[in-house]
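Data from coords38.txt: compact mmCIF, C-alpha atoms and all ligand atoms
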# COMPACT_ATOMS: atom_id res chain seq x y z
CA MET A 1 121.58 118.83 94.96
CA PRO A 2 123.59 120.74 92.35
CA PHE A 3 125.51 122.44 95.19
CA SER A 4 126.75 121.50 98.62
CA CYS A 5 127.33 123.81 101.53
CA GLU A 6 128.22 123.59 105.20
CA LEU A 7 125.12 123.08 107.29
CA SER A 8 123.98 126.56 108.33
CA LEU A 9 120.86 128.68 108.11
CA ASP A 10 122.11 130.17 104.83
CA CYS A 11 122.71 126.73 103.41
CA LEU A 12 119.24 125.53 104.42
CA ILE A 13 117.68 128.62 102.82
CA GLN A 14 119.56 127.79 99.61
CA VAL A 15 118.47 124.14 99.72
CA GLY A 16 114.89 125.12 100.62
CA SER A 17 114.68 127.68 97.80
CA PHE A 18 116.03 125.11 95.36
CA GLN A 19 113.51 122.50 96.50
CA LEU A 20 110.60 124.93 96.27
CA PHE A 21 111.82 126.11 92.89
CA MET A 22 112.09 122.54 91.55
CA ASN A 23 108.65 121.61 92.85
CA PHE A 24 106.67 124.75 92.08
CA VAL A 25 108.34 125.74 88.83
CA ARG A 26 108.01 122.28 87.37
CA TYR A 27 104.54 121.25 88.54
CA TYR A 28 102.27 124.27 88.21
CA PRO A 29 103.40 125.44 84.75
CA ILE A 30 103.24 121.94 83.25
CA ALA A 31 100.00 120.79 84.92
CA GLY A 32 98.60 124.30 84.38
CA ALA A 33 99.49 124.31 80.67
CA ALA A 34 97.86 120.88 80.21
CA PHE A 35 94.80 122.18 82.03
CA LEU A 36 94.56 125.35 79.92
CA ILE A 37 94.97 123.44 76.66
CA PHE A 38 92.50 120.64 77.38
CA TYR A 39 89.94 122.47 79.51
CA PHE A 40 89.88 125.90 77.81
CA TRP A 41 91.88 126.59 74.67
CA LYS A 42 91.33 123.33 72.73
CA LYS A 43 88.45 121.97 74.78
CA ASP A 44 86.10 121.53 71.80
CA TYR A 45 88.83 120.15 69.55
CA PHE A 46 89.75 117.42 72.05
CA ALA A 47 86.17 116.77 73.29
CA ARG A 48 85.91 113.38 71.55
CA PHE A 49 88.95 112.16 73.53
CA LYS A 50 87.42 113.08 76.90
CA ILE A 51 87.04 110.03 79.15
CA GLN A 52 84.07 111.34 81.16
CA GLU A 53 81.66 113.49 79.19
CA LYS A 54 81.08 116.02 81.96
CA TYR A 55 83.61 118.64 83.03
CA PRO A 56 84.31 119.11 86.74
CA ALA A 57 83.00 122.14 88.64
CA ALA A 58 85.36 125.12 89.05
CA GLU A 59 85.23 124.74 92.82
CA LYS A 60 86.66 121.19 92.58
CA ILE A 61 89.47 122.40 90.31
CA TRP A 62 90.42 125.25 92.68
CA ASN A 63 90.52 122.71 95.48
CA GLU A 64 92.91 120.51 93.45
CA ILE A 65 95.19 123.51 92.81
CA ARG A 66 95.23 124.55 96.49
CA GLN A 67 95.77 121.02 97.79
CA SER A 68 98.64 120.48 95.33
CA ALA A 69 100.47 123.40 96.97
CA ILE A 70 100.37 121.57 100.31
CA THR A 71 101.85 118.48 98.64
CA LEU A 72 104.65 120.56 97.09
CA ILE A 73 105.47 122.11 100.49
CA VAL A 74 105.60 118.61 102.05
CA PHE A 75 107.87 117.36 99.22
CA SER A 76 110.18 120.37 99.71
CA SER A 77 110.24 119.93 103.52
CA ILE A 78 111.24 116.28 103.13
CA GLY A 79 114.03 117.32 100.73
CA ILE A 80 115.37 119.91 103.21
CA THR A 81 115.16 117.51 106.18
CA ILE A 82 116.89 114.62 104.40
CA TYR A 83 119.59 116.93 103.05
CA SER A 84 120.24 118.29 106.58
CA LEU A 85 120.41 114.80 108.09
CA ILE A 86 122.88 113.72 105.41
CA ARG A 87 125.05 116.82 106.03
CA LEU A 88 124.93 116.11 109.78
CA GLY A 89 126.10 112.54 109.12
CA VAL A 90 122.93 110.99 110.57
CA LEU A 91 121.99 109.49 107.18
CA LYS A 92 124.15 108.34 104.31
CA SER A 93 123.01 108.98 100.75
CA TYR A 94 124.14 106.80 97.85
CA MET A 95 123.39 109.49 95.30
CA TYR A 96 126.54 110.30 93.33
CA LYS A 97 127.69 113.07 91.01
CA ASP A 98 130.62 111.47 89.21
CA PRO A 99 129.25 109.99 85.93
CA THR A 100 132.15 107.52 85.64
CA MET A 101 131.23 105.70 88.87
CA TYR A 102 129.64 102.21 88.74
CA GLY A 103 130.64 101.73 85.10
CA GLY A 104 128.94 104.81 83.64
CA VAL A 105 125.87 104.77 81.42
CA PRO A 106 124.78 101.06 81.68
CA TYR A 107 124.41 101.41 85.46
CA MET A 108 122.61 104.74 85.04
CA ILE A 109 120.01 102.99 82.86
CA LEU A 110 119.79 100.07 85.29
CA SER A 111 119.30 102.40 88.27
CA PHE A 112 116.56 104.26 86.39
CA LEU A 113 114.77 100.95 85.77
CA MET A 114 115.29 99.91 89.40
CA ILE A 115 113.78 103.09 90.84
CA THR A 116 110.83 102.79 88.42
CA VAL A 117 110.11 99.18 89.45
CA TRP A 118 110.54 100.06 93.12
CA HIS A 119 108.21 103.08 92.80
CA GLU A 120 105.60 100.91 91.06
CA THR A 121 105.69 98.26 93.76
CA TYR A 122 105.77 100.73 96.65
CA PHE A 123 102.93 102.79 95.15
CA TYR A 124 100.66 99.80 94.44
CA TRP A 125 100.87 98.37 97.95
CA ALA A 126 100.79 101.73 99.76
CA HIS A 127 97.81 102.71 97.62
CA ARG A 128 95.95 99.52 98.51
CA LEU A 129 96.72 100.09 102.17
CA MET A 130 95.35 103.65 101.94
CA HIS A 131 92.11 102.19 100.59
CA HIS A 132 91.71 100.08 103.73
CA LYS A 133 88.36 101.05 105.22
CA LYS A 134 89.92 102.03 108.57
CA ILE A 135 92.44 104.38 106.95
CA TYR A 136 90.76 105.65 103.79
CA LYS A 137 88.64 108.46 105.23
CA TYR A 138 91.54 109.99 107.20
CA VAL A 139 94.05 110.31 104.37
CA HIS A 140 93.35 109.12 100.84
CA GLN A 141 89.78 110.45 100.65
CA VAL A 142 91.25 113.88 99.83
CA HIS A 143 92.68 112.54 96.56
CA HIS A 144 89.34 110.91 95.73
CA GLN A 145 87.42 114.16 96.05
CA SER A 146 88.28 114.37 92.36
CA VAL A 147 85.85 111.87 90.83
CA ASN A 148 86.47 113.48 87.44
CA PRO A 149 90.18 114.45 87.73
CA THR A 150 92.02 117.16 85.82
CA PRO A 151 95.82 117.53 85.36
CA VAL A 152 96.00 119.73 88.48
CA ALA A 153 94.66 116.81 90.57
CA ALA A 154 97.97 114.96 90.11
CA TYR A 155 99.31 116.26 93.46
CA ASN A 156 95.96 116.64 95.19
CA PHE A 157 96.97 114.76 98.35
CA HIS A 158 96.37 114.99 102.08
CA TYR A 159 99.68 116.04 103.71
CA ILE A 160 100.13 112.57 105.25
CA GLU A 161 99.68 110.96 101.85
CA ALA A 162 102.09 113.50 100.33
CA PHE A 163 104.67 112.33 102.88
CA PHE A 164 104.21 108.68 101.90
CA GLU A 165 104.15 109.57 98.19
CA ALA A 166 107.68 111.01 98.56
CA ILE A 167 109.27 108.63 101.04
CA TYR A 168 109.87 105.86 98.47
CA ALA A 169 112.49 108.13 96.87
CA VAL A 170 114.19 108.69 100.23
CA ILE A 171 114.34 104.93 100.89
CA PHE A 172 115.83 104.35 97.44
CA THR A 173 118.51 107.05 97.58
CA LEU A 174 119.58 105.92 101.07
CA THR A 175 120.09 102.34 99.94
CA VAL A 176 120.86 102.20 96.20
CA PRO A 177 123.45 104.25 94.28
CA ILE A 178 121.88 106.58 91.72
CA TYR A 179 123.47 109.32 89.61
CA TYR A 180 122.01 112.68 90.61
CA PRO A 181 120.75 113.71 87.11
CA VAL A 182 119.16 110.23 86.69
CA PHE A 183 117.27 110.80 89.93
CA ILE A 184 116.07 114.23 88.71
CA ILE A 185 114.96 112.67 85.39
CA HIS A 186 113.06 110.01 87.36
CA THR A 187 111.22 112.62 89.48
CA PHE A 188 110.37 114.56 86.32
CA TYR A 189 109.13 111.40 84.58
CA ALA A 190 107.05 110.48 87.67
CA MET A 191 105.44 113.94 87.68
CA ILE A 192 104.66 113.91 83.94
CA MET A 193 103.09 110.43 84.18
CA ASN A 194 101.03 111.53 87.17
CA ILE A 195 99.71 114.52 85.22
CA TRP A 196 99.03 112.24 82.24
CA PHE A 197 97.03 109.78 84.38
CA HIS A 198 94.86 112.64 85.71
CA LEU A 199 94.46 114.38 82.35
CA GLY A 200 90.87 113.20 81.86
CA TYR A 201 91.56 112.33 78.20
CA GLU A 202 92.49 109.11 76.39
CA PHE A 203 94.42 109.13 73.10
CA LEU A 204 95.68 105.55 72.88
CA PRO A 205 94.10 103.34 70.19
CA LYS A 206 91.49 100.63 70.58
CA GLY A 207 93.00 97.33 71.70
CA PHE A 208 95.89 98.93 73.61
CA ALA A 209 94.58 97.82 77.02
CA SER A 210 94.17 94.20 75.88
CA HIS A 211 97.23 93.91 73.59
CA TRP A 212 99.57 91.08 74.69
CA PHE A 213 102.42 93.56 75.36
CA PHE A 214 100.85 96.99 75.88
CA LYS A 215 98.29 95.68 78.36
CA TRP A 216 101.12 95.72 80.92
CA ILE A 217 101.38 99.51 80.59
CA ASN A 218 98.87 101.70 82.36
CA THR A 219 96.66 104.21 80.59
CA SER A 220 94.99 107.45 81.59
CA THR A 221 91.66 105.57 81.40
CA HIS A 222 92.93 103.04 83.95
CA HIS A 223 93.51 105.68 86.63
CA ASN A 224 90.44 107.68 85.61
CA LEU A 225 88.34 104.57 86.33
CA HIS A 226 90.03 104.35 89.72
CA HIS A 227 88.77 107.87 90.46
CA GLN A 228 85.27 106.97 89.27
CA LYS A 229 84.89 103.60 91.03
CA PHE A 230 87.51 103.64 93.86
CA ASN A 231 88.18 99.98 94.78
CA GLY A 232 90.26 98.67 91.89
CA ASN A 233 92.90 99.76 89.32
CA TYR A 234 95.50 100.71 91.95
CA GLY A 235 98.68 100.59 89.83
CA LEU A 236 100.89 103.45 88.65
CA TYR A 237 103.07 103.14 85.50
CA PHE A 238 102.38 99.50 84.81
CA ASN A 239 99.42 97.17 84.88
CA PHE A 240 101.55 94.50 86.52
CA TRP A 241 100.41 94.25 90.15
CA ASP A 242 96.75 94.81 89.30
CA ARG A 243 96.86 91.90 86.84
CA ILE A 244 98.84 89.63 89.16
CA MET A 245 96.62 90.41 92.17
CA GLY A 246 93.33 90.47 90.22
CA THR A 247 92.52 94.07 91.20
CA ASN A 248 91.82 95.50 87.74
CA PHE A 249 88.18 96.36 87.29
CA PRO A 250 86.86 93.44 85.18
CA TYR A 251 85.37 95.85 82.63
CA TYR A 252 88.55 97.95 82.22
CA GLU A 253 89.49 96.63 78.76
CA THR A 254 85.92 96.83 77.42
CA TYR A 255 85.50 100.34 78.82
CA PHE A 256 88.79 101.35 77.15
CA ASP A 257 87.71 99.97 73.74
CA ASN A 258 84.26 101.58 74.02
CA LEU A 259 85.93 104.96 74.52
CA ALA A 260 88.00 104.42 71.37
CA ASP A 261 84.85 103.42 69.42
CA LYS A 262 82.94 106.42 70.69
CA ARG A 263 85.59 108.86 69.52
CA ASN A 264 85.32 107.52 65.96
CA ILE A 265 81.60 108.20 65.69
CA THR A 266 81.12 111.33 63.59
CA VAL A 267 77.95 113.23 64.31
CA PRO A 268 76.16 114.16 61.04
CA THR A 269 75.66 117.84 60.32
CA GLU A 270 72.18 119.41 60.08
CA ASN A 271 72.41 119.40 56.26
CA GLU A 272 73.28 115.70 56.14
CA ILE A 273 70.35 114.83 58.45
CA HIS A 274 67.83 116.72 56.30
CA ALA A 275 69.30 115.84 52.88
CA PRO A 276 66.94 113.79 50.64
CA ALA A 277 67.91 110.12 50.33
ZN ZN A 301 94.69 109.82 91.20
ZN ZN A 302 92.99 105.62 95.39
What does this structure look like when you write it as structure tokens?
Amino acid sequence: MPFSCELSLDCLIQVGSFQLFMNFVRYYPIAGAAFLIFYFWKKDYFARFKIQEKYPAAEKIWNEIRQSAITLIVFSSIGITIYSLIRLGVLKSYMYKDPTMYGGVPYMILSFLMITVWHETYFYWAHRLMHHKKIYKYVHQVHHQSVNPTPVAAYNFHYIEAFFEAIYAVIFTLTVPIYYPVFIIHTFYAMIMNIWFHLGYEFLPKGFASHWFFKWINTSTHHNLHHQKFNGNYGLYFNFWDRIMGTNFPYYETYFDNLADKRNITVPTENEIHAPA
């Protein structure tokens, strides 16, 4: 938190307002702007980059927007609860505000990498667990109502899933030192990547998904396929665990390249079709 106060109702209102502000002011304008650009303003211009040809029904999109609000309230509630428990001395946070601690910038970079790797690992295995047939319909099915996701589907979670989506950050900050601004940058990066993976568009070039180096990085197509076909492509930022565990859809790379080929096909105009040879 950028402030600290004695635990009181006033303090909790301050912390709560800050949490809500951070969550609502960051998510809706950014996901909303991406949605307006790609689904209204420049829809025709970007059409050749669309992963699925169809556009989702308005009702589905409203549902994604509403459900995202529940996720943001859960995220904020967790923030308030953890902050209170730390102030009460029940929990100890390793988040720090002095930039000279732990050797300065090199450790800041290292801690950013550590939280990214931890988030990836946590997300992959929690995601696979949520796809277990005995659990799926109670929690994760809400996220999969979006078969053709839009940027506002990024936080379209059941409230129980929202809790588990956030708890990795709590575990990390209660066990590993991290500079407060680095943590905020991480949460911002996580949100942007989540919006990117639900964008519904692919801009990366042909061969990216099979390149010896870039194949380890996930694409928007990778997660879009997860929404289309469900039982595969579970990873988040990286294509590490899916490759190691053999859970990528076997046609992922071909599907990716076909999309890139398709976008390069230029449809001839009426005049060109009827022009004499
Ligand atoms: Zn998703
Ligand atoms: Zn899933």
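Using all atoms listed in the file for every distance, the candidate list A:His144, A:Lys42, A:Lys133, A:His186 yields A:His144 as the residue closest to A:His226.
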**Message:** Please identify all protein, DNA and RNA residues within 10 Å of ligand ZN 301 (chain A), counting all atoms listed in the file, and report them as a PyMOL selection string.
**Reply:** chain A and resi 140+143-151+153-157+194-195+197-199+220+223-227+230+234+236
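When only C-alpha atoms and all ligand atoms are used to measure the gap to ligand ZN 302 (chain A), the shortest distance among A:Phe214, A:Tyr159, A:Tyr107, A:Phe123 belongs to A:Phe123.
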**Asked** Residues at most 12 Å from A:Thr71, counting all atoms listed in the file, excluding those fewer than 4 positions away in the same chain, as an NGL selection string?
**Response** :A and (20 or 23-24 or 27-28 or 64-67 or 75-78 or 142-143 or 152-166)
**Asked** Around (123.2, 128.5, 97.8) in the file's own coordinates, what residues are found within 9 Å if you use all atoms listed in the file, given back as a PyMOL selection string?
**Response** chain A and resi 3-5+10-15+17-18
Can I get stretch 167-178 of chain A with N, CA and C atoms filled in, as a PDB file, in the frame of the given file?
ATOM      1  N   ILE A 167     108.295 109.338 100.213  1.00  0.00           N
ATOM      2  CA  ILE A 167     109.270 108.630 101.040  1.00  0.00           C
ATOM      3  C   ILE A 167     109.921 107.456 100.297  1.00  0.00           C
ATOM      4  N   TYR A 168     109.274 106.940  99.267  1.00  0.00           N
ATOM      5  CA  TYR A 168     109.870 105.860  98.470  1.00  0.00           C
ATOM      6  C   TYR A 168     111.218 106.308  97.889  1.00  0.00           C
ATOM      7  N   ALA A 169     111.268 107.601  97.494  1.00  0.00           N
ATOM      8  CA  ALA A 169     112.490 108.130  96.870  1.00  0.00           C
ATOM      9  C   ALA A 169     113.597 108.243  97.911  1.00  0.00           C
ATOM     10  N   VAL A 170     113.206 108.587  99.136  1.00  0.00           N
ATOM     11  CA  VAL A 170     114.190 108.690 100.230  1.00  0.00           C
ATOM     12  C   VAL A 170     114.774 107.305 100.506  1.00  0.00           C
ATOM     13  N   ILE A 171     113.889 106.302 100.616  1.00  0.00           N
ATOM     14  CA  ILE A 171     114.340 104.930 100.890  1.00  0.00           C
ATOM     15  C   ILE A 171     115.327 104.484  99.805  1.00  0.00           C
ATOM     16  N   PHE A 172     114.985 104.788  98.559  1.00  0.00           N
ATOM     17  CA  PHE A 172     115.830 104.350  97.440  1.00  0.00           C
ATOM     18  C   PHE A 172     117.200 105.008  97.496  1.00  0.00           C
ATOM     19  N   THR A 173     117.220 106.335  97.651  1.00  0.00           N
ATOM     20  CA  THR A 173     118.510 107.050  97.580  1.00  0.00           C
ATOM     21  C   THR A 173     119.388 106.774  98.812  1.00  0.00           C
ATOM     22  N   LEU A 174     118.775 106.267  99.892  1.00  0.00           N
ATOM     23  CA  LEU A 174     119.580 105.920 101.070  1.00  0.00           C
ATOM     24  C   LEU A 174     120.075 104.480 101.023  1.00  0.00           C
ATOM     25  N   THR A 175     119.669 103.742  99.996  1.00  0.00           N
ATOM     26  CA  THR A 175     120.090 102.340  99.940  1.00  0.00           C
ATOM     27  C   THR A 175     120.732 101.925  98.604  1.00  0.00           C
ATOM     28  N   VAL A 176     120.365 102.615  97.527  1.00  0.00           N
ATOM     29  CA  VAL A 176     120.860 102.200  96.200  1.00  0.00           C
ATOM     30  C   VAL A 176     121.572 103.386  95.529  1.00  0.00           C
ATOM     31  N   PRO A 177     122.756 103.160  94.965  1.00  0.00           N
ATOM     32  CA  PRO A 177     123.450 104.250  94.280  1.00  0.00           C
ATOM     33  C   PRO A 177     122.658 104.727  93.048  1.00  0.00           C
ATOM     34  N   ILE A 178     122.541 106.026  92.903  1.00  0.00           N
ATOM     35  CA  ILE A 178     121.880 106.580  91.720  1.00  0.00           C
ATOM     36  C   ILE A 178     122.550 107.920  91.380  1.00  0.00           C
TER      37      ILE A 178
END
